[in-house]
file my_file34.cif (mmCIF, C-alpha atoms and all ligand atoms)
data_model
loop_
_atom_site.group_PDB
_atom_site.id
_atom_site.type_symbol
_atom_site.label_atom_id
_atom_site.label_comp_id
_atom_site.auth_asym_id
_atom_site.auth_seq_id
_atom_site.Cartn_x
_atom_site.Cartn_y
_atom_site.Cartn_z
ATOM 1 C CA MET A 1 56.127 -0.082 14.702
ATOM 2 C CA ARG A 2 58.094 2.024 12.215
ATOM 3 C CA ILE A 3 56.637 5.171 10.682
ATOM 4 C CA GLY A 4 58.002 6.539 7.418
ATOM 5 C CA ILE A 5 57.254 10.024 6.090
ATOM 6 C CA ASP A 6 57.943 11.047 2.488
ATOM 7 C CA LEU A 7 58.145 14.836 2.529
ATOM 8 C CA GLY A 8 57.586 15.773 -1.111
ATOM 9 C CA GLY A 9 57.129 19.147 -2.725
ATOM 10 C CA THR A 10 53.436 18.628 -3.505
ATOM 11 C CA LYS A 11 52.364 15.865 -1.088
ATOM 12 C CA ILE A 12 53.384 14.358 2.215
ATOM 13 C CA GLU A 13 52.878 10.623 2.527
ATOM 14 C CA GLY A 14 53.056 8.657 5.772
ATOM 15 C CA LEU A 15 53.006 4.942 6.414
ATOM 16 C CA ALA A 16 53.357 2.594 9.361
ATOM 17 C CA LEU A 17 55.157 -0.732 8.969
ATOM 18 C CA ALA A 18 54.987 -3.706 11.313
ATOM 19 C CA SER A 19 58.321 -5.287 12.244
ATOM 20 C CA ASP A 20 57.961 -7.795 9.369
ATOM 21 C CA GLY A 21 57.477 -5.023 6.776
ATOM 22 C CA ARG A 22 53.708 -5.431 6.563
ATOM 23 C CA GLU A 23 51.876 -2.163 5.945
ATOM 24 C CA ILE A 24 49.613 -1.198 8.851
ATOM 25 C CA GLU A 25 48.411 2.245 7.829
ATOM 26 C CA ARG A 26 49.013 4.718 5.026
ATOM 27 C CA ARG A 27 47.908 8.343 4.580
ATOM 28 C CA ARG A 28 48.623 11.120 2.123
ATOM 29 C CA ILE A 29 48.078 14.866 2.468
ATOM 30 C CA ALA A 30 48.829 17.916 0.317
ATOM 31 C CA ALA A 31 52.135 19.598 1.244
ATOM 32 C CA PRO A 32 51.876 23.148 2.624
ATOM 33 C CA ARG A 33 53.990 24.640 -0.127
ATOM 34 C CA GLY A 34 56.424 27.376 0.817
ATOM 35 C CA ASP A 35 55.747 27.453 4.564
ATOM 36 C CA TYR A 36 58.237 25.812 6.929
ATOM 37 C CA GLU A 37 56.212 26.056 10.163
ATOM 38 C CA ASP A 38 53.121 24.667 8.418
ATOM 39 C CA THR A 39 55.244 21.788 7.089
ATOM 40 C CA ILE A 40 56.339 20.844 10.624
ATOM 41 C CA ARG A 41 52.735 21.035 11.848
ATOM 42 C CA ALA A 42 51.501 18.921 8.918
ATOM 43 C CA VAL A 43 54.025 16.152 9.729
ATOM 44 C CA VAL A 44 53.054 16.196 13.425
ATOM 45 C CA ASP A 45 49.346 15.918 12.536
ATOM 46 C CA LEU A 46 50.024 13.131 10.038
ATOM 47 C CA VAL A 47 52.009 11.113 12.603
ATOM 48 C CA ALA A 48 49.241 11.635 15.200
ATOM 49 C CA ALA A 49 46.588 10.413 12.734
ATOM 50 C CA ILE A 50 48.617 7.317 11.794
ATOM 51 C CA GLU A 51 49.331 6.428 15.424
ATOM 52 C CA ALA A 52 45.676 6.903 16.402
ATOM 53 C CA ALA A 53 44.541 4.624 13.574
ATOM 54 C CA ALA A 54 47.220 2.003 14.319
ATOM 55 C CA GLY A 55 46.789 2.187 18.113
ATOM 56 C CA ASP A 56 50.561 2.179 18.576
ATOM 57 C CA ARG A 57 53.558 4.529 18.805
ATOM 58 C CA GLY A 58 56.345 4.325 16.217
ATOM 59 C CA THR A 59 59.903 5.295 15.391
ATOM 60 C CA ILE A 60 60.003 8.036 12.766
ATOM 61 C CA GLY A 61 62.117 8.289 9.625
ATOM 62 C CA VAL A 62 61.672 11.064 7.078
ATOM 63 C CA GLY A 63 62.703 11.142 3.422
ATOM 64 C CA ILE A 64 63.300 14.573 1.896
ATOM 65 C CA PRO A 65 64.306 15.860 -1.559
ATOM 66 C CA GLY A 66 67.650 17.080 -0.194
ATOM 67 C CA ALA A 67 70.078 16.259 2.597
ATOM 68 C CA THR A 68 71.279 17.466 5.982
ATOM 69 C CA SER A 69 74.621 19.188 5.463
ATOM 70 C CA PRO A 70 77.259 17.512 7.665
ATOM 71 C CA ALA A 71 78.993 20.909 7.817
ATOM 72 C CA THR A 72 76.071 22.910 9.242
ATOM 73 C CA GLY A 73 73.342 20.444 10.296
ATOM 74 C CA LEU A 74 70.979 22.390 8.040
ATOM 75 C CA ILE A 75 69.079 21.175 4.959
ATOM 76 C CA LYS A 76 70.738 21.689 1.564
ATOM 77 C CA ASN A 77 69.962 20.735 -2.056
ATOM 78 C CA ALA A 78 66.164 20.536 -1.506
ATOM 79 C CA ASN A 79 64.020 21.550 -4.465
ATOM 80 C CA SER A 80 61.337 22.227 -1.825
ATOM 81 C CA THR A 81 63.384 25.354 -1.231
ATOM 82 C CA TRP A 82 61.561 26.419 1.974
ATOM 83 C CA LEU A 83 63.351 23.515 3.728
ATOM 84 C CA ASN A 84 66.847 24.732 2.782
ATOM 85 C CA GLY A 85 68.889 26.306 5.575
ATOM 86 C CA ARG A 86 66.569 24.883 8.248
ATOM 87 C CA ALA A 87 67.414 22.528 11.140
ATOM 88 C CA LEU A 88 64.646 20.170 10.040
ATOM 89 C CA GLU A 89 65.839 17.083 11.922
ATOM 90 C CA ASP A 90 66.053 18.976 15.247
ATOM 91 C CA ASP A 91 62.796 20.839 14.691
ATOM 92 C CA LEU A 92 60.879 17.652 13.835
ATOM 93 C CA SER A 93 62.428 15.780 16.790
ATOM 94 C CA ARG A 94 61.325 18.540 19.153
ATOM 95 C CA ALA A 95 57.820 18.775 17.681
ATOM 96 C CA LEU A 96 57.320 14.994 17.752
ATOM 97 C CA GLY A 97 58.922 14.434 21.168
ATOM 98 C CA ARG A 98 61.324 11.733 19.988
ATOM 99 C CA PRO A 99 64.446 11.401 17.816
ATOM 100 C CA VAL A 100 63.753 11.591 14.070
ATOM 101 C CA ARG A 101 66.022 10.252 11.316
ATOM 102 C CA LEU A 102 66.197 12.174 8.069
ATOM 103 C CA ALA A 103 67.560 10.981 4.718
ATOM 104 C CA ASN A 104 67.554 11.929 1.065
ATOM 105 C CA ASP A 105 64.543 10.448 -0.782
ATOM 106 C CA ALA A 106 66.674 8.559 -3.319
ATOM 107 C CA ASN A 107 68.609 7.062 -0.395
ATOM 108 C CA CYS A 108 65.307 5.969 1.159
ATOM 109 C CA PHE A 109 64.354 4.368 -2.160
ATOM 110 C CA ALA A 110 67.640 2.409 -2.281
ATOM 111 C CA LEU A 111 67.269 1.322 1.357
ATOM 112 C CA SER A 112 63.701 0.098 0.770
ATOM 113 C CA GLU A 113 64.618 -1.997 -2.260
ATOM 114 C CA ALA A 114 67.745 -3.363 -0.550
ATOM 115 C CA THR A 115 65.822 -4.275 2.615
ATOM 116 C CA ASP A 116 62.826 -6.183 1.267
ATOM 117 C CA GLY A 117 62.524 -5.194 -2.395
ATOM 118 C CA ALA A 118 64.016 -6.152 -5.747
ATOM 119 C CA ALA A 119 67.602 -5.977 -4.423
ATOM 120 C CA ALA A 120 67.060 -7.863 -1.148
ATOM 121 C CA GLY A 121 70.050 -10.021 -0.252
ATOM 122 C CA ALA A 122 72.576 -8.191 -2.446
ATOM 123 C CA HIS A 123 75.808 -7.057 -0.763
ATOM 124 C CA VAL A 124 76.163 -3.757 -2.690
ATOM 125 C CA VAL A 125 73.014 -2.077 -4.076
ATOM 126 C CA PHE A 126 72.815 1.056 -6.204
ATOM 127 C CA GLY A 127 69.326 2.553 -6.336
ATOM 128 C CA VAL A 128 68.451 4.965 -9.148
ATOM 129 C CA ILE A 129 65.395 7.184 -9.453
ATOM 130 C CA ILE A 130 64.829 8.576 -12.939
ATOM 131 C CA GLY A 131 61.958 10.986 -13.401
ATOM 132 C CA THR A 132 62.165 14.762 -13.484
ATOM 133 C CA GLY A 133 65.723 14.317 -12.157
ATOM 134 C CA THR A 134 68.304 11.538 -11.828
ATOM 135 C CA GLY A 135 68.877 10.620 -8.175
ATOM 136 C CA GLY A 136 70.733 7.721 -6.633
ATOM 137 C CA GLY A 137 71.515 5.996 -3.366
ATOM 138 C CA LEU A 138 74.006 3.404 -2.154
ATOM 139 C CA VAL A 139 73.378 0.583 0.341
ATOM 140 C CA VAL A 140 76.154 -1.760 1.513
ATOM 141 C CA ASN A 141 75.413 -4.750 3.746
ATOM 142 C CA GLY A 142 71.929 -3.370 4.364
ATOM 143 C CA GLN A 143 73.298 -0.019 5.571
ATOM 144 C CA LEU A 144 72.767 3.279 3.819
ATOM 145 C CA VAL A 145 76.019 4.979 2.816
ATOM 146 C CA ILE A 146 75.625 8.730 3.392
ATOM 147 C CA GLY A 147 79.190 9.915 2.779
ATOM 148 C CA ALA A 148 81.380 12.736 4.097
ATOM 149 C CA ASN A 149 79.436 15.331 2.092
ATOM 150 C CA ALA A 150 76.050 13.564 2.278
ATOM 151 C CA ILE A 151 76.065 13.135 -1.516
ATOM 152 C CA ALA A 152 76.851 9.404 -1.915
ATOM 153 C CA GLY A 153 74.967 8.126 -4.964
ATOM 154 C CA GLU A 154 74.491 11.533 -6.630
ATOM 155 C CA TRP A 155 75.668 10.283 -10.008
ATOM 156 C CA GLY A 156 73.330 12.605 -11.958
ATOM 157 C CA HIS A 157 75.737 15.529 -11.797
ATOM 158 C CA ASN A 158 78.734 13.670 -13.127
ATOM 159 C CA PRO A 159 79.433 14.467 -16.786
ATOM 160 C CA LEU A 160 78.135 11.992 -19.379
ATOM 161 C CA PRO A 161 81.050 9.568 -20.021
ATOM 162 C CA ALA A 162 82.549 8.958 -23.463
ATOM 163 C CA PRO A 163 80.481 11.700 -25.150
ATOM 164 C CA GLU A 164 79.902 11.716 -28.907
ATOM 165 C CA ASP A 165 80.735 14.956 -30.741
ATOM 166 C CA ASP A 166 77.065 16.036 -30.705
ATOM 167 C CA GLU A 167 76.871 15.361 -26.932
ATOM 168 C CA ARG A 168 79.618 17.886 -26.153
ATOM 169 C CA PRO A 169 79.486 20.217 -24.222
ATOM 170 C CA GLY A 170 75.902 19.037 -23.559
ATOM 171 C CA PRO A 171 72.854 20.922 -22.303
ATOM 172 C CA PRO A 172 73.251 23.393 -19.421
ATOM 173 C CA CYS A 173 72.247 21.968 -16.013
ATOM 174 C CA TYR A 174 70.625 23.845 -13.115
ATOM 175 C CA CYS A 175 73.695 22.922 -11.013
ATOM 176 C CA GLY A 176 75.771 25.349 -13.103
ATOM 177 C CA ARG A 177 77.645 22.787 -15.203
ATOM 178 C CA SER A 178 76.890 21.458 -18.703
ATOM 179 C CA GLY A 179 76.474 17.910 -19.959
ATOM 180 C CA CYS A 180 75.531 16.377 -16.594
ATOM 181 C CA ILE A 181 74.123 12.837 -16.799
ATOM 182 C CA GLU A 182 70.788 14.245 -15.597
ATOM 183 C CA THR A 183 70.564 16.514 -18.658
ATOM 184 C CA PHE A 184 70.560 13.359 -20.832
ATOM 185 C CA LEU A 185 68.679 10.775 -18.740
ATOM 186 C CA SER A 186 65.825 12.627 -16.998
ATOM 187 C CA GLY A 187 62.297 12.416 -18.414
ATOM 188 C CA PRO A 188 62.372 16.029 -19.639
ATOM 189 C CA ALA A 189 65.755 15.305 -21.301
ATOM 190 C CA LEU A 190 64.293 12.412 -23.312
ATOM 191 C CA ALA A 191 61.326 14.596 -24.313
ATOM 192 C CA ARG A 192 63.744 17.375 -25.421
ATOM 193 C CA ASP A 193 65.729 14.915 -27.540
ATOM 194 C CA TYR A 194 62.537 13.857 -29.350
ATOM 195 C CA ILE A 195 61.683 17.497 -30.131
ATOM 196 C CA ALA A 196 65.251 18.158 -31.323
ATOM 197 C CA ARG A 197 64.860 15.320 -33.875
ATOM 198 C CA GLY A 198 61.604 16.772 -35.213
ATOM 199 C CA GLY A 199 59.085 15.015 -32.936
ATOM 200 C CA PRO A 200 56.214 16.745 -31.120
ATOM 201 C CA ASP A 201 56.284 17.840 -27.461
ATOM 202 C CA VAL A 202 55.142 14.660 -25.653
ATOM 203 C CA THR A 203 56.084 12.871 -22.413
ATOM 204 C CA ALA A 204 58.896 10.329 -22.133
ATOM 205 C CA ILE A 205 56.363 7.523 -21.675
ATOM 206 C CA GLU A 206 54.515 8.621 -24.851
ATOM 207 C CA ILE A 207 57.825 8.430 -26.745
ATOM 208 C CA VAL A 208 58.135 4.790 -25.607
ATOM 209 C CA SER A 209 54.611 4.042 -26.891
ATOM 210 C CA ARG A 210 55.486 5.643 -30.222
ATOM 211 C CA ALA A 211 58.679 3.581 -30.451
ATOM 212 C CA ASP A 212 56.667 0.416 -29.761
ATOM 213 C CA ALA A 213 54.337 1.452 -32.602
ATOM 214 C CA GLY A 214 57.298 1.743 -35.005
ATOM 215 C CA ASP A 215 57.983 5.516 -35.016
ATOM 216 C CA PRO A 216 61.605 5.641 -36.290
ATOM 217 C CA VAL A 217 62.351 8.980 -34.598
ATOM 218 C CA ALA A 218 61.154 7.637 -31.224
ATOM 219 C CA ILE A 219 63.155 4.426 -31.723
ATOM 220 C CA GLY A 220 66.281 6.515 -32.435
ATOM 221 C CA CYS A 221 65.711 8.536 -29.251
ATOM 222 C CA LEU A 222 65.412 5.387 -27.135
ATOM 223 C CA GLU A 223 68.520 3.851 -28.699
ATOM 224 C CA ARG A 224 70.486 7.018 -27.896
ATOM 225 C CA TYR A 225 68.979 7.016 -24.390
ATOM 226 C CA GLU A 226 70.046 3.399 -23.816
ATOM 227 C CA SER A 227 73.578 4.098 -25.020
ATOM 228 C CA ARG A 228 73.833 7.076 -22.665
ATOM 229 C CA PHE A 229 72.368 5.106 -19.766
ATOM 230 C CA ALA A 230 74.849 2.260 -20.356
ATOM 231 C CA ARG A 231 77.843 4.633 -20.431
ATOM 232 C CA ALA A 232 76.666 6.520 -17.346
ATOM 233 C CA ILE A 233 75.930 3.458 -15.231
ATOM 234 C CA ALA A 234 79.128 1.642 -16.341
ATOM 235 C CA THR A 235 81.184 4.198 -14.404
ATOM 236 C CA ILE A 236 79.138 3.318 -11.305
ATOM 237 C CA ILE A 237 79.790 -0.395 -11.878
ATOM 238 C CA ASN A 238 83.528 0.290 -12.241
ATOM 239 C CA THR A 239 83.538 2.310 -9.006
ATOM 240 C CA ILE A 240 81.358 0.399 -6.523
ATOM 241 C CA ASP A 241 80.715 -2.898 -8.395
ATOM 242 C CA PRO A 242 77.102 -3.406 -7.238
ATOM 243 C CA GLY A 243 75.387 -6.804 -7.365
ATOM 244 C CA VAL A 244 72.091 -5.115 -8.192
ATOM 245 C CA ILE A 245 71.148 -1.770 -9.738
ATOM 246 C CA VAL A 246 67.471 -1.103 -9.032
ATOM 247 C CA LEU A 247 65.455 1.479 -10.970
ATOM 248 C CA GLY A 248 62.541 3.554 -9.752
ATOM 249 C CA GLY A 249 60.745 6.688 -10.911
ATOM 250 C CA GLY A 250 58.653 7.260 -14.029
ATOM 251 C CA LEU A 251 61.272 6.105 -16.553
ATOM 252 C CA SER A 252 61.780 2.794 -14.719
ATOM 253 C CA ASN A 253 58.576 1.762 -16.558
ATOM 254 C CA ILE A 254 60.492 1.572 -19.866
ATOM 255 C CA ALA A 255 60.556 -2.243 -20.066
ATOM 256 C CA ARG A 256 63.201 -2.457 -22.816
ATOM 257 C CA LEU A 257 65.867 -0.789 -20.608
ATOM 258 C CA TYR A 258 66.317 -3.973 -18.572
ATOM 259 C CA ASP A 259 67.401 -5.949 -21.643
ATOM 260 C CA ARG A 260 69.079 -3.318 -23.770
ATOM 261 C CA VAL A 261 71.241 -1.458 -21.227
ATOM 262 C CA PRO A 262 73.046 -4.620 -19.961
ATOM 263 C CA MET A 263 73.697 -5.564 -23.614
ATOM 264 C CA LEU A 264 75.482 -2.214 -24.069
ATOM 265 C CA TRP A 265 77.322 -1.651 -20.780
ATOM 266 C CA GLY A 266 79.894 -4.470 -21.188
ATOM 267 C CA ARG A 267 82.167 -2.474 -23.493
ATOM 268 C CA HIS A 268 82.477 0.258 -20.826
ATOM 269 C CA VAL A 269 82.986 -1.999 -17.781
ATOM 270 C CA PHE A 270 86.499 -3.093 -16.816
ATOM 271 C CA SER A 271 85.698 -6.797 -16.477
ATOM 272 C CA ASP A 272 85.558 -9.932 -18.642
ATOM 273 C CA ARG A 273 81.889 -10.430 -17.683
ATOM 274 C CA VAL A 274 79.334 -8.291 -15.853
ATOM 275 C CA ALA A 275 77.357 -10.136 -13.169
ATOM 276 C CA THR A 276 75.506 -6.993 -12.055
ATOM 277 C CA ARG A 277 71.728 -7.213 -12.498
ATOM 278 C CA LEU A 278 69.562 -4.274 -13.628
ATOM 279 C CA VAL A 279 66.062 -4.647 -12.141
ATOM 280 C CA ARG A 280 62.850 -2.704 -11.648
ATOM 281 C CA ALA A 281 61.801 -1.597 -8.150
ATOM 282 C CA ARG A 282 59.458 -4.005 -6.355
ATOM 283 C CA HIS A 283 57.660 -1.423 -4.228
ATOM 284 C CA GLY A 284 57.203 1.179 -6.973
ATOM 285 C CA ASP A 285 56.138 4.610 -5.734
ATOM 286 C CA ALA A 286 55.905 3.299 -2.143
ATOM 287 C CA SER A 287 59.656 2.698 -1.918
ATOM 288 C CA GLY A 288 60.489 6.227 -0.746
ATOM 289 C CA VAL A 289 58.143 6.135 2.213
ATOM 290 C CA ARG A 290 58.968 2.498 3.068
ATOM 291 C CA GLY A 291 62.694 3.319 3.038
ATOM 292 C CA ALA A 292 62.087 6.263 5.385
ATOM 293 C CA ALA A 293 60.474 3.819 7.834
ATOM 294 C CA TRP A 294 63.468 1.452 7.479
ATOM 295 C CA LEU A 295 65.879 4.223 8.598
ATOM 296 C CA TRP A 296 65.382 2.766 12.087
ATOM 297 C CA PRO A 297 66.804 -0.692 12.808
ATOM 298 C CA ALA A 298 64.771 -3.418 14.513
HETATM 299 ZN ZN ZN B 1 74.215 19.121 -13.018
#
call {"tool": "encode", "arguments": {"input": "my_file34.cif", "output": "structure tokens"}}
result
Amino acid sequence: MRIGIDLGGTKIEGLALASDGREIERRRIAAPRGDYEDTIRAVVDLVAAIEAAAGDRGTIGVGIPGATSPATGLIKNANSTWLNGRALEDDLSRALGRPVRLANDANCFALSEATDGAAAGAHVVFGVIIGTGTGGGLVVNGQLVIGANAIAGEWGHNPLPAPEDDERPGPPCYCGRSGCIETFLSGPALARDYIARGGPDVTAIEIVSRADAGDPVAIGCLERYESRFARAIATIINTIDPGVIVLGGGLSNIARLYDRVPMLWGRHVFSDRVATRLVRARHGDASGVRGAAWLWPA
């Protein structure tokens, strides 16, 4: 049995998978915000509850909103900031009495979809999560690619390619740069663009509904969004040439992206044709926790 834990900022989700990927047990608890020791205890209790319900012991993989720094062995880049600077993998392994594998949550998402999701069978898979941020993960031959700096797939903090005059220098990003892809493609970025063109303060998904209803301002925002998405993802296609790009997160529910973006990316890709497929995640919100479970091989 494989156990996956998705250690989010507001909730911790745990699930047990049978060897064939069937879900045996799933539980969700509120995350103890801001307290590291309580977080460790919460994960231990969650694993104990899942194993008691399943009547079996499992391997344990954990997805986190950050990464273990190869330089220090400590967590970095987590927006659950109480995890940063901590030896989370060692501390969890000790508390759980077995080795624990830790990975970035977008990497877990990519691994889940490449293993038995919408990208199953593809040689090179790029997984993208677009919601409040713009994360990514890379899977090659079924194996997660972590990278020398543990940032493989972090396309969101590259600058937006081929910017128009009004896209330069671009909005400031929390990473300290300006004009990062994330500042154009995240949900809040789409909402900001709608306000900038005179629309009200509504969610990204509401902007899509308004576009479907014929709102010309909302339609303009989505067309700009699709152009930016196509330019941003074309540089990924040119670099790693994935067979499948799989989308998750709140903005993956924008149905028109799957038709429009591939119509636009050709002019930015260095190829006569583009065979890459852009698809929606099969496992939806469960992909993070499923991918954490898949961090252990059979
Ligand atoms: Zn940035």
call {"tool": "resolve_selection", "arguments": {"input": "my_file34.cif", "expression": "the PyMOL selection byres (((chain A and resi 162) around 10) and not hetatm)", "output": "PyMOL selection string"}}
result
chain A and resi 159-161+163-165+167-168+228+231-232+268
call {"tool": "residues_near_ligand", "arguments": {"input": "my_file34.cif", "ligand": "ligand ZN 1 (chain B)", "cutoff": "10 Å", "atoms": "all atoms listed in the file", "output": "ChimeraX atom specification"}}
result
/A:133-134,154-159,171-183
call {"tool": "atom_distance", "arguments": {"input": "my_file34.cif", "atom1": "atom CA of Gly142 of chain A", "atom2": "atom CA of Ala286 of chain A"}}
result
18.5 Å
call {"tool": "resolve_selection", "arguments": {"input": "my_file34.cif", "expression": "the PyMOL selection byres (((chain A and resi 153) around 7) and not hetatm)", "output": "PyMOL selection string"}}
result
chain A and resi 136-138+151-152+154-155
call {"tool": "residues_around", "arguments": {"input": "my_file34.cif", "residues": "segment 198-203 of chain A", "least_positions_apart": "3", "cutoff": "12 Å", "atoms": "only C-alpha atoms", "output": "ChimeraX atom specification"}}
result
/A:131-132,186-195,206-211,215-221,250-251
call {"tool": "resolve_selection", "arguments": {"input": "my_file34.cif", "expression": "the PyMOL selection byres (((chain A and resi 77) around 9) and not hetatm)", "output": "VMD selection string"}}
result
chain A and resid 65 to 69 75 to 76 78 to 81 84
call {"tool": "residues_around", "arguments": {"input": "my_file34.cif", "residues": "segment 28-35 of chain A", "least_positions_apart": "6", "cutoff": "7 Å", "atoms": "all atoms listed in the file", "output": "PyMOL selection string"}}
result
chain A and resi 9-14+82
call {"tool": "residues_around", "arguments": {"input": "my_file34.cif", "residues": "Leu92 of chain A", "least_positions_apart": "5", "cutoff": "12 Å", "atoms": "all atoms listed in the file", "output": "PyMOL selection string"}}
result
chain A and resi 5+7+36-45+47+60-62+83+86-87+97-102
call {"tool": "closest_residue", "arguments": {"input": "my_file34.cif", "among": "A:Glu223, A:Glu25, A:Asp285, A:Asp6", "to": "Ala52 of chain A", "atoms": "all atoms listed in the file"}}
result
A:Glu25
call {"tool": "residues_around", "arguments": {"input": "my_file34.cif", "residues": "Ile3 of chain A", "least_positions_apart": "6", "cutoff": "12 Å", "atoms": "only C-alpha atoms", "output": "short mmCIF file (atom, residue, chain, number, x, y, z; two decimals) with C-alpha atoms, in the coordinates of the input"}}
result
data_model
loop_
_atom_site.label_atom_id
_atom_site.label_comp_id
_atom_site.auth_asym_id
_atom_site.auth_seq_id
_atom_site.Cartn_x
_atom_site.Cartn_y
_atom_site.Cartn_z
CA GLU A 13 52.88 10.62 2.53
CA GLY A 14 53.06 8.66 5.77
CA LEU A 15 53.01 4.94 6.41
CA ALA A 16 53.36 2.59 9.36
CA LEU A 17 55.16 -0.73 8.97
CA ALA A 18 54.99 -3.71 11.31
CA SER A 19 58.32 -5.29 12.24
CA GLY A 21 57.48 -5.02 6.78
CA ARG A 22 53.71 -5.43 6.56
CA GLU A 23 51.88 -2.16 5.94
CA ILE A 24 49.61 -1.20 8.85
CA GLU A 25 48.41 2.24 7.83
CA ARG A 26 49.01 4.72 5.03
CA ARG A 27 47.91 8.34 4.58
CA VAL A 43 54.02 16.15 9.73
CA VAL A 44 53.05 16.20 13.42
CA LEU A 46 50.02 13.13 10.04
CA VAL A 47 52.01 11.11 12.60
CA ALA A 48 49.24 11.64 15.20
CA ALA A 49 46.59 10.41 12.73
CA ILE A 50 48.62 7.32 11.79
CA GLU A 51 49.33 6.43 15.42
CA ALA A 54 47.22 2.00 14.32
CA ASP A 56 50.56 2.18 18.58
CA ARG A 57 53.56 4.53 18.80
CA GLY A 58 56.34 4.32 16.22
CA THR A 59 59.90 5.30 15.39
CA ILE A 60 60.00 8.04 12.77
CA GLY A 61 62.12 8.29 9.62
CA VAL A 62 61.67 11.06 7.08
CA GLY A 63 62.70 11.14 3.42
CA VAL A 100 63.75 11.59 14.07
CA ARG A 101 66.02 10.25 11.32
CA VAL A 289 58.14 6.14 2.21
CA ARG A 290 58.97 2.50 3.07
CA GLY A 291 62.69 3.32 3.04
CA ALA A 292 62.09 6.26 5.38
CA ALA A 293 60.47 3.82 7.83
CA TRP A 294 63.47 1.45 7.48
CA LEU A 295 65.88 4.22 8.60
CA TRP A 296 65.38 2.77 12.09
CA PRO A 297 66.80 -0.69 12.81
#
call {"tool": "atom_distance", "arguments": {"input": "my_file34.cif", "atom1": "atom CA of Val244 of chain A", "atom2": "atom CA of Val124 of chain A"}}
result
7.0 Å
call {"tool": "residues_near_point", "arguments": {"input": "my_file34.cif", "point": "(63.9, -6.3, -8.4)", "cutoff": "6 Å", "atoms": "only C-alpha atoms", "output": "PyMOL selection string"}}
result
chain A and resi 118-119+279-282
call {"tool": "closest_residue", "arguments": {"input": "my_file34.cif", "among": "A:Leu96, A:Ile240, A:Ala148, A:Ile245", "to": "Ala120 of chain A", "atoms": "all atoms listed in the file"}}
result
A:Ile245
call {"tool": "atom_distance", "arguments": {"input": "my_file34.cif", "atom1": "atom CA of Leu247 of chain A", "atom2": "atom CA of Ile130 of chain A"}}
result
7.4 Å
call {"tool": "closest_residue", "arguments": {"input": "my_file34.cif", "among": "A:Ala53, A:Val246, A:Ile146, A:Ala234", "to": "Phe270 of chain A", "atoms": "all atoms listed in the file"}}
result
A:Ala234
call {"tool": "closest_residue", "arguments": {"input": "my_file34.cif", "among": "A:Asp20, A:Glu113, A:Asp212, A:Asp105", "to": "Gly8 of chain A", "atoms": "all atoms listed in the file"}}
result
A:Asp105
call {"tool": "axis_aligned_box", "arguments": {"input": "my_file34.cif", "around": "segment 154-161 of chain A", "padding_each_side": "4 Å", "output": "JSON"}}
result
{"center_x": 77.2, "center_y": 12.5, "center_z": -13.3, "size_x": 15.7, "size_y": 14.0, "size_z": 21.4}
call {"tool": "decode", "arguments": {"input": "my_file34.cif", "residues": "segment 237-248 of chain A", "atoms": "N, CA and C atoms", "output": "CSV table (one decimal), in the first residue's frame"}}
result
chain,number,residue,atom,x,y,z
A,237,ILE,N,8.0,24.0,-24.8
A,237,ILE,CA,8.0,23.0,-25.9
A,237,ILE,C,9.3,23.0,-26.6
A,238,ASN,N,9.9,24.2,-26.9
A,238,ASN,CA,11.2,24.3,-27.6
A,238,ASN,C,12.3,23.7,-26.7
A,239,THR,N,12.1,23.7,-25.4
A,239,THR,CA,13.2,23.3,-24.5
A,239,THR,C,13.2,21.8,-24.2
A,240,ILE,N,12.0,21.3,-23.9
A,240,ILE,CA,11.9,19.9,-23.5
A,240,ILE,C,11.1,19.0,-24.4
A,241,ASP,N,10.4,19.6,-25.3
A,241,ASP,CA,9.6,19.0,-26.4
A,241,ASP,C,8.7,17.9,-25.8
A,242,PRO,N,7.8,18.2,-24.9
A,242,PRO,CA,6.9,17.2,-24.3
A,242,PRO,C,5.9,16.6,-25.2
A,243,GLY,N,5.5,15.4,-25.0
A,243,GLY,CA,4.4,14.8,-25.8
A,243,GLY,C,3.1,15.3,-25.3
A,244,VAL,N,3.0,15.5,-24.0
A,244,VAL,CA,1.7,16.0,-23.3
A,244,VAL,C,2.0,17.1,-22.3
A,245,ILE,N,1.3,18.2,-22.4
A,245,ILE,CA,1.2,19.2,-21.3
A,245,ILE,C,-0.1,19.1,-20.7
A,246,VAL,N,-0.1,18.8,-19.4
A,246,VAL,CA,-1.3,18.5,-18.6
A,246,VAL,C,-1.6,19.7,-17.6
A,247,LEU,N,-2.8,20.2,-17.6
A,247,LEU,CA,-3.1,21.4,-16.8
A,247,LEU,C,-4.0,21.0,-15.6
A,248,GLY,N,-3.6,21.5,-14.5
A,248,GLY,CA,-4.4,21.4,-13.3
A,248,GLY,C,-4.6,22.7,-12.6
